[in-house]
file coords_2.tsv (TSV, C-alpha atoms)
chain	number	residue	atom	x	y	z
A	18	GLY	CA	-83.92	-144.25	55.54
A	19	GLY	CA	-86.28	-146.98	56.74
A	20	ALA	CA	-87.05	-150.06	54.71
A	21	HIS	CA	-89.59	-149.36	52.02
A	22	HIS	CA	-92.33	-151.96	51.82
A	23	GLY	CA	-94.52	-151.37	48.83
A	24	PRO	CA	-95.25	-152.52	45.33
A	25	VAL	CA	-92.67	-150.24	43.76
A	26	ARG	CA	-89.12	-151.47	43.53
A	27	PRO	CA	-87.61	-148.79	41.34
A	28	PRO	CA	-84.72	-149.95	39.22
A	29	ALA	CA	-81.46	-149.26	41.01
A	30	MET	CA	-79.63	-146.49	39.23
A	31	ASP	CA	-76.76	-144.30	40.23
A	32	PRO	CA	-78.20	-140.85	41.09
A	33	GLN	CA	-75.61	-139.07	38.95
A	34	ALA	CA	-76.30	-141.32	35.97
A	35	LEU	CA	-80.02	-140.75	36.44
A	36	HIS	CA	-79.48	-136.99	36.65
A	37	ASN	CA	-77.44	-137.04	33.42
A	38	PHE	CA	-80.08	-139.09	31.67
A	39	VAL	CA	-82.86	-136.73	32.76
A	40	GLN	CA	-80.80	-133.87	31.33
A	41	LEU	CA	-80.54	-135.78	28.06
A	42	LEU	CA	-84.33	-136.21	27.95
A	43	GLY	CA	-84.67	-132.51	28.74
A	44	GLY	CA	-82.43	-131.78	25.76
A	45	MET	CA	-84.81	-133.76	23.55
A	46	LEU	CA	-87.60	-131.39	24.61
A	47	SER	CA	-85.47	-128.27	24.13
A	48	ALA	CA	-86.76	-125.37	22.06
A	49	ASP	CA	-83.26	-125.02	20.61
A	50	SER	CA	-83.04	-127.25	17.53
A	51	ALA	CA	-79.26	-127.83	17.78
A	52	THR	CA	-79.59	-128.97	21.41
A	53	ARG	CA	-82.53	-131.16	20.50
A	54	ARG	CA	-80.75	-132.78	17.54
A	55	GLN	CA	-77.66	-133.54	19.61
A	56	ALA	CA	-79.75	-135.04	22.42
A	57	GLU	CA	-81.73	-137.18	19.97
A	58	LYS	CA	-78.52	-138.38	18.36
A	59	THR	CA	-77.08	-139.41	21.75
A	60	PHE	CA	-80.36	-141.10	22.69
A	61	ASN	CA	-80.54	-143.06	19.42
A	62	GLU	CA	-76.90	-144.11	19.66
A	63	THR	CA	-77.42	-145.35	23.20
A	64	ARG	CA	-80.48	-147.28	22.06
A	65	LYS	CA	-78.44	-149.00	19.34
A	66	GLN	CA	-75.35	-149.68	21.45
A	67	ASP	CA	-76.86	-150.47	24.84
A	68	PRO	CA	-80.62	-150.95	24.68
A	69	ASN	CA	-80.65	-152.58	28.14
A	70	GLN	CA	-79.09	-149.54	29.76
A	71	LEU	CA	-81.41	-147.21	27.87
A	72	VAL	CA	-84.59	-149.05	28.84
A	73	HIS	CA	-83.37	-149.41	32.42
A	74	ALA	CA	-82.75	-145.64	32.54
A	75	LEU	CA	-86.14	-144.79	30.99
A	76	LEU	CA	-87.87	-146.99	33.55
A	77	ALA	CA	-85.91	-145.33	36.36
A	78	VAL	CA	-87.04	-141.89	35.16
A	79	VAL	CA	-90.66	-143.06	34.93
A	80	ALA	CA	-90.49	-144.61	38.41
A	81	MET	CA	-88.38	-142.04	40.25
A	82	GLY	CA	-88.18	-138.86	38.19
A	83	GLN	CA	-88.70	-135.64	40.11
A	84	GLU	CA	-90.38	-133.70	37.32
A	85	PRO	CA	-93.75	-134.84	35.99
A	86	VAL	CA	-92.91	-133.75	32.44
A	87	MET	CA	-89.77	-135.90	32.44
A	88	ARG	CA	-91.62	-138.93	33.77
A	89	GLU	CA	-94.20	-138.53	31.01
A	90	GLN	CA	-91.47	-138.08	28.40
A	91	GLY	CA	-89.80	-141.24	29.73
A	92	ALA	CA	-93.06	-143.18	29.32
A	93	VAL	CA	-93.54	-141.93	25.75
A	94	LEU	CA	-89.99	-142.86	24.75
A	95	LEU	CA	-90.31	-146.23	26.47
A	96	ARG	CA	-93.46	-146.95	24.49
A	97	GLN	CA	-91.58	-146.23	21.25
A	98	CYS	CA	-88.93	-148.75	22.30
A	99	LEU	CA	-91.65	-151.38	22.77
A	100	LYS	CA	-93.48	-150.81	19.50
A	101	ARG	CA	-92.67	-153.29	16.76
A	102	SER	CA	-94.02	-151.09	13.97
A	103	THR	CA	-91.30	-148.52	14.68
A	104	ALA	CA	-88.74	-151.15	13.78
A	105	GLU	CA	-85.72	-148.93	14.26
A	106	SER	CA	-86.56	-148.15	17.87
A	107	PHE	CA	-88.06	-151.54	18.84
A	108	VAL	CA	-85.63	-153.06	21.32
A	109	TRP	CA	-87.62	-155.66	23.26
A	110	GLU	CA	-85.91	-158.61	21.60
A	111	LYS	CA	-82.48	-157.20	22.46
A	112	LEU	CA	-83.22	-156.92	26.18
A	113	THR	CA	-82.01	-159.39	28.78
A	114	GLN	CA	-84.59	-161.45	30.68
A	115	GLU	CA	-83.77	-159.41	33.75
A	116	VAL	CA	-84.52	-156.06	32.10
A	117	ARG	CA	-87.67	-157.47	30.50
A	118	ALA	CA	-88.93	-158.59	33.90
A	119	GLU	CA	-88.03	-155.19	35.33
A	120	VAL	CA	-90.05	-153.42	32.63
A	121	LYS	CA	-93.14	-155.59	33.19
A	122	THR	CA	-93.17	-155.26	36.96
A	123	GLY	CA	-92.01	-151.64	36.92
A	124	LEU	CA	-94.70	-150.38	34.55
A	125	LEU	CA	-97.49	-152.06	36.50
A	126	ALA	CA	-96.09	-150.87	39.83
A	127	VAL	CA	-95.93	-147.23	38.74
A	128	LEU	CA	-99.39	-147.48	37.13
A	129	GLU	CA	-100.71	-148.61	40.49
A	130	THR	CA	-98.96	-146.00	42.62
A	131	THR	CA	-98.80	-142.78	40.61
A	132	ASP	CA	-101.39	-140.12	41.33
A	133	SER	CA	-100.67	-138.25	38.10
A	134	VAL	CA	-103.47	-138.74	35.57
A	135	ALA	CA	-101.22	-137.67	32.68
A	136	LEU	CA	-98.50	-140.16	33.64
A	137	ARG	CA	-101.05	-142.90	34.26
A	138	ASN	CA	-102.52	-142.40	30.78
A	139	LYS	CA	-99.10	-142.59	29.16
A	140	LEU	CA	-98.25	-145.68	31.19
A	141	ALA	CA	-101.54	-147.27	30.14
A	142	GLU	CA	-100.57	-146.74	26.50
A	143	CYS	CA	-97.13	-148.17	27.20
A	144	ILE	CA	-98.50	-151.25	28.99
A	145	ALA	CA	-101.14	-151.88	26.31
A	146	GLN	CA	-98.47	-151.54	23.63
A	147	LEU	CA	-96.22	-154.09	25.32
A	148	GLY	CA	-99.18	-156.31	26.15
A	149	SER	CA	-100.27	-156.39	22.52
A	150	GLU	CA	-96.75	-157.54	21.57
A	151	LEU	CA	-96.35	-160.11	24.33
A	152	CYS	CA	-99.79	-161.62	24.68
A	153	GLY	CA	-101.85	-160.19	21.81
A	154	LEU	CA	-103.28	-162.05	18.83
A	155	ASN	CA	-99.93	-162.25	17.02
A	156	ALA	CA	-97.95	-163.56	19.97
A	157	GLN	CA	-97.07	-167.25	19.67
A	158	GLU	CA	-97.66	-167.70	23.40
A	159	ASP	CA	-98.57	-165.56	26.36
A	160	HIS	CA	-95.33	-163.91	27.46
A	161	TRP	CA	-97.00	-161.75	30.09
A	162	PRO	CA	-99.38	-164.05	31.99
A	163	GLU	CA	-99.49	-161.70	35.01
A	164	LEU	CA	-100.91	-158.80	33.00
A	165	ILE	CA	-104.64	-159.61	32.71
A	166	PRO	CA	-105.01	-160.88	36.32
A	167	LYS	CA	-103.29	-157.70	37.55
A	168	LEU	CA	-105.56	-155.49	35.45
A	169	LEU	CA	-108.65	-157.34	36.65
A	170	SER	CA	-107.64	-156.94	40.28
A	171	LEU	CA	-107.04	-153.21	39.72
A	172	ALA	CA	-110.37	-152.93	37.90
A	173	GLU	CA	-112.13	-154.25	41.01
A	174	SER	CA	-110.13	-152.08	43.41
A	175	PRO	CA	-112.00	-149.73	45.77
A	176	THR	CA	-109.65	-146.99	44.56
A	177	ASP	CA	-111.10	-145.01	41.69
A	178	MET	CA	-107.62	-144.27	40.34
A	179	HIS	CA	-106.84	-148.00	40.02
A	180	ARG	CA	-110.13	-148.76	38.29
A	181	SER	CA	-109.72	-146.02	35.71
A	182	ALA	CA	-106.10	-147.02	35.03
A	183	ALA	CA	-107.01	-150.68	34.53
A	184	ILE	CA	-109.97	-149.89	32.31
A	185	ARG	CA	-107.88	-147.59	30.16
A	186	VAL	CA	-105.27	-150.32	29.60
A	187	MET	CA	-107.97	-152.88	28.85
A	188	ARG	CA	-109.71	-150.64	26.36
A	189	LEU	CA	-106.43	-150.20	24.50
A	190	LEU	CA	-105.64	-153.89	24.76
A	191	ALA	CA	-109.12	-155.21	23.87
A	192	PRO	CA	-108.60	-155.32	20.07
A	193	HIS	CA	-105.47	-157.43	20.63
A	194	LYS	CA	-106.98	-159.80	23.20
A	195	PRO	CA	-110.68	-159.89	22.40
A	196	ASP	CA	-111.55	-163.36	23.69
A	197	GLU	CA	-110.05	-163.03	27.10
A	198	LEU	CA	-111.27	-159.50	27.73
A	199	TYR	CA	-114.79	-160.15	26.46
A	200	VAL	CA	-115.01	-163.16	28.74
A	201	GLN	CA	-114.20	-160.81	31.60
A	202	HIS	CA	-116.82	-158.34	30.37
A	203	THR	CA	-119.42	-159.56	32.85
A	204	ALA	CA	-116.98	-159.28	35.74
A	205	LEU	CA	-116.32	-155.65	34.90
A	206	GLY	CA	-119.87	-154.67	34.19
A	207	ALA	CA	-120.38	-152.43	31.19
A	208	THR	CA	-117.58	-150.02	32.09
A	209	LEU	CA	-115.15	-151.48	29.62
A	210	PHE	CA	-117.19	-151.70	26.46
A	211	ARG	CA	-119.78	-148.99	26.79

call {"tool": "encode", "arguments": {"input": "coords_2.tsv", "output": "structure tokens"}}
result
Amino acid sequence: GGAHHGPVRPPAMDPQALHNFVQLLGGMLSADSATRRQAEKTFNETRKQDPNQLVHALLAVVAMGQEPVMREQGAVLLRQCLKRSTAESFVWEKLTQEVRAEVKTGLLAVLETTDSVALRNKLAECIAQLGSELCGLNAQEDHWPELIPKLLSLAESPTDMHRSAAIRVMRLLAPHKPDELYVQHTALGATLFR
């Protein structure tokens, strides 16, 4: 195929590995409890043994998955991996710098390009979750300096989809970053805090 110039650089993943991983996620949604338990066990073991591979695979599903339901499931599971309060599943500190960078750029890229409202909403939750960890009130320093500028540029985009995505993330992030987002309040008009 031709060169792809765009904001999305999906994480490189072997198609067969991606297919297997999507099947695993499908198993976690199965109506059959034995199938579901086995899939969850495999997922949790992978998270413990190779969190980088797991997060990389979840991001690949979110970015490139064929089925909307799987992409949404990927985003939900990714959010759990980024949430400190679910200590058992929180893996951010175990990730390499490379995978961390991939997550930050990947989430924002898919947020910007997806036309699925459901996926966008789940990504917004995921991004706000990670943002609150990396640059919220409890963070020692801002570990995601690109986040707010990116959200502000999306919030001023002529594309309705971009504006609504950015505002959703900011609303979720506002309690964790009040000063910076209230300062931007005037720039965004009353959309954010009405």

call {"tool": "residues_around", "arguments": {"input": "coords_2.tsv", "residues": "Lys111 (chain A)", "least_positions_apart": "3", "cutoff": "12 Å", "atoms": "only C-alpha atoms", "output": "PDB file with C-alpha atoms, keeping the file's coordinate frame"}}
result
ATOM      1  CA  ARG A  64     -80.480-147.280  22.060  1.00  0.00           C
ATOM      2  CA  LYS A  65     -78.440-149.000  19.340  1.00  0.00           C
ATOM      3  CA  GLN A  66     -75.350-149.680  21.450  1.00  0.00           C
ATOM      4  CA  ASP A  67     -76.860-150.470  24.840  1.00  0.00           C
ATOM      5  CA  PRO A  68     -80.620-150.950  24.680  1.00  0.00           C
ATOM      6  CA  ASN A  69     -80.650-152.580  28.140  1.00  0.00           C
ATOM      7  CA  GLN A  70     -79.090-149.540  29.760  1.00  0.00           C
ATOM      8  CA  LEU A  71     -81.410-147.210  27.870  1.00  0.00           C
ATOM      9  CA  VAL A  72     -84.590-149.050  28.840  1.00  0.00           C
ATOM     10  CA  CYS A  98     -88.930-148.750  22.300  1.00  0.00           C
ATOM     11  CA  LEU A  99     -91.650-151.380  22.770  1.00  0.00           C
ATOM     12  CA  SER A 106     -86.560-148.150  17.870  1.00  0.00           C
ATOM     13  CA  PHE A 107     -88.060-151.540  18.840  1.00  0.00           C
ATOM     14  CA  VAL A 108     -85.630-153.060  21.320  1.00  0.00           C
ATOM     15  CA  GLN A 114     -84.590-161.450  30.680  1.00  0.00           C
ATOM     16  CA  GLU A 115     -83.770-159.410  33.750  1.00  0.00           C
ATOM     17  CA  VAL A 116     -84.520-156.060  32.100  1.00  0.00           C
ATOM     18  CA  ARG A 117     -87.670-157.470  30.500  1.00  0.00           C
TER      19      ARG A 117
END

call {"tool": "closest_residue", "arguments": {"input": "coords_2.tsv", "among": "A:Val39, A:Met178, A:Val86, A:Ala51", "to": "Asp132 (chain A)", "atoms": "all atoms listed in the file"}}
result
A:Met178

call {"tool": "residues_near_point", "arguments": {"input": "coords_2.tsv", "point": "(-89.6, -138.5, 23.3)", "cutoff": "10 Å", "atoms": "only C-alpha atoms", "output": "ChimeraX atom specification"}}
result
/A:42-43,45-46,57,60,87,89-97

call {"tool": "closest_residue", "arguments": {"input": "coords_2.tsv", "among": "A:Leu112, A:Ala141, A:Met30, A:Val120", "to": "Leu189 (chain A)", "atoms": "all atoms listed in the file"}}
result
A:Ala141

call {"tool": "atom_distance", "arguments": {"input": "coords_2.tsv", "atom1": "CA of Val79 (chain A)", "atom2": "CA of Leu125 (chain A)"}}
result
11.4 Å

call {"tool": "atom_distance", "arguments": {"input": "coords_2.tsv", "atom1": "CA of Ala56 (chain A)", "atom2": "CA of Val78 (chain A)"}}
result
16.2 Å

call {"tool": "closest_residue", "arguments": {"input": "coords_2.tsv", "among": "A:Pro175, A:Gly148, A:Gly44, A:Pro195", "to": "Glu163 (chain A)", "atoms": "only C-alpha atoms"}}
result
A:Gly148

call {"tool": "closest_residue", "arguments": {"input": "coords_2.tsv", "among": "A:Leu169, A:Lys139, A:Asp177, A:Pro162", "to": "Ala118 (chain A)", "atoms": "all atoms listed in the file"}}
result
A:Pro162

call {"tool": "atom_distance", "arguments": {"input": "coords_2.tsv", "atom1": "CA of Ala172 (chain A)", "atom2": "CA of Glu129 (chain A)"}}
result
10.9 Å

call {"tool": "closest_residue", "arguments": {"input": "coords_2.tsv", "among": "A:Val186, A:Cys143, A:Ala104, A:Ala48", "to": "Lys167 (chain A)", "atoms": "only C-alpha atoms"}}
result
A:Val186

call {"tool": "closest_residue", "arguments": {"input": "coords_2.tsv", "among": "A:Leu164, A:Thr52, A:Leu41, A:Ser133", "to": "Leu151 (chain A)", "atoms": "all atoms listed in the file"}}
result
A:Leu164

call {"tool": "residues_around", "arguments": {"input": "coords_2.tsv", "residues": "Asp31 (chain A)", "least_positions_apart": "2", "cutoff": "12 Å", "atoms": "all atoms listed in the file", "output": "list in words"}}
result
Pro27, Pro28, Ala29, Gln33, Ala34, Leu35, His36, Asn37, Phe38, Gln70, His73, Ala74, Ala77, Val78 and Met81 of chain A

call {"tool": "write_last_selection", "arguments": {"input": "coords_2.tsv", "atoms": "C-alpha atoms", "output": "mmCIF file, in the coordinates of the input"}}
result
data_model
loop_
_atom_site.group_PDB
_atom_site.id
_atom_site.type_symbol
_atom_site.label_atom_id
_atom_site.label_comp_id
_atom_site.auth_asym_id
_atom_site.auth_seq_id
_atom_site.Cartn_x
_atom_site.Cartn_y
_atom_site.Cartn_z
ATOM 1 C CA PRO A 27 -87.610 -148.790 41.340
ATOM 2 C CA PRO A 28 -84.720 -149.950 39.220
ATOM 3 C CA ALA A 29 -81.460 -149.260 41.010
ATOM 4 C CA GLN A 33 -75.610 -139.070 38.950
ATOM 5 C CA ALA A 34 -76.300 -141.320 35.970
ATOM 6 C CA LEU A 35 -80.020 -140.750 36.440
ATOM 7 C CA HIS A 36 -79.480 -136.990 36.650
ATOM 8 C CA ASN A 37 -77.440 -137.040 33.420
ATOM 9 C CA PHE A 38 -80.080 -139.090 31.670
ATOM 10 C CA GLN A 70 -79.090 -149.540 29.760
ATOM 11 C CA HIS A 73 -83.370 -149.410 32.420
ATOM 12 C CA ALA A 74 -82.750 -145.640 32.540
ATOM 13 C CA ALA A 77 -85.910 -145.330 36.360
ATOM 14 C CA VAL A 78 -87.040 -141.890 35.160
ATOM 15 C CA MET A 81 -88.380 -142.040 40.250
#
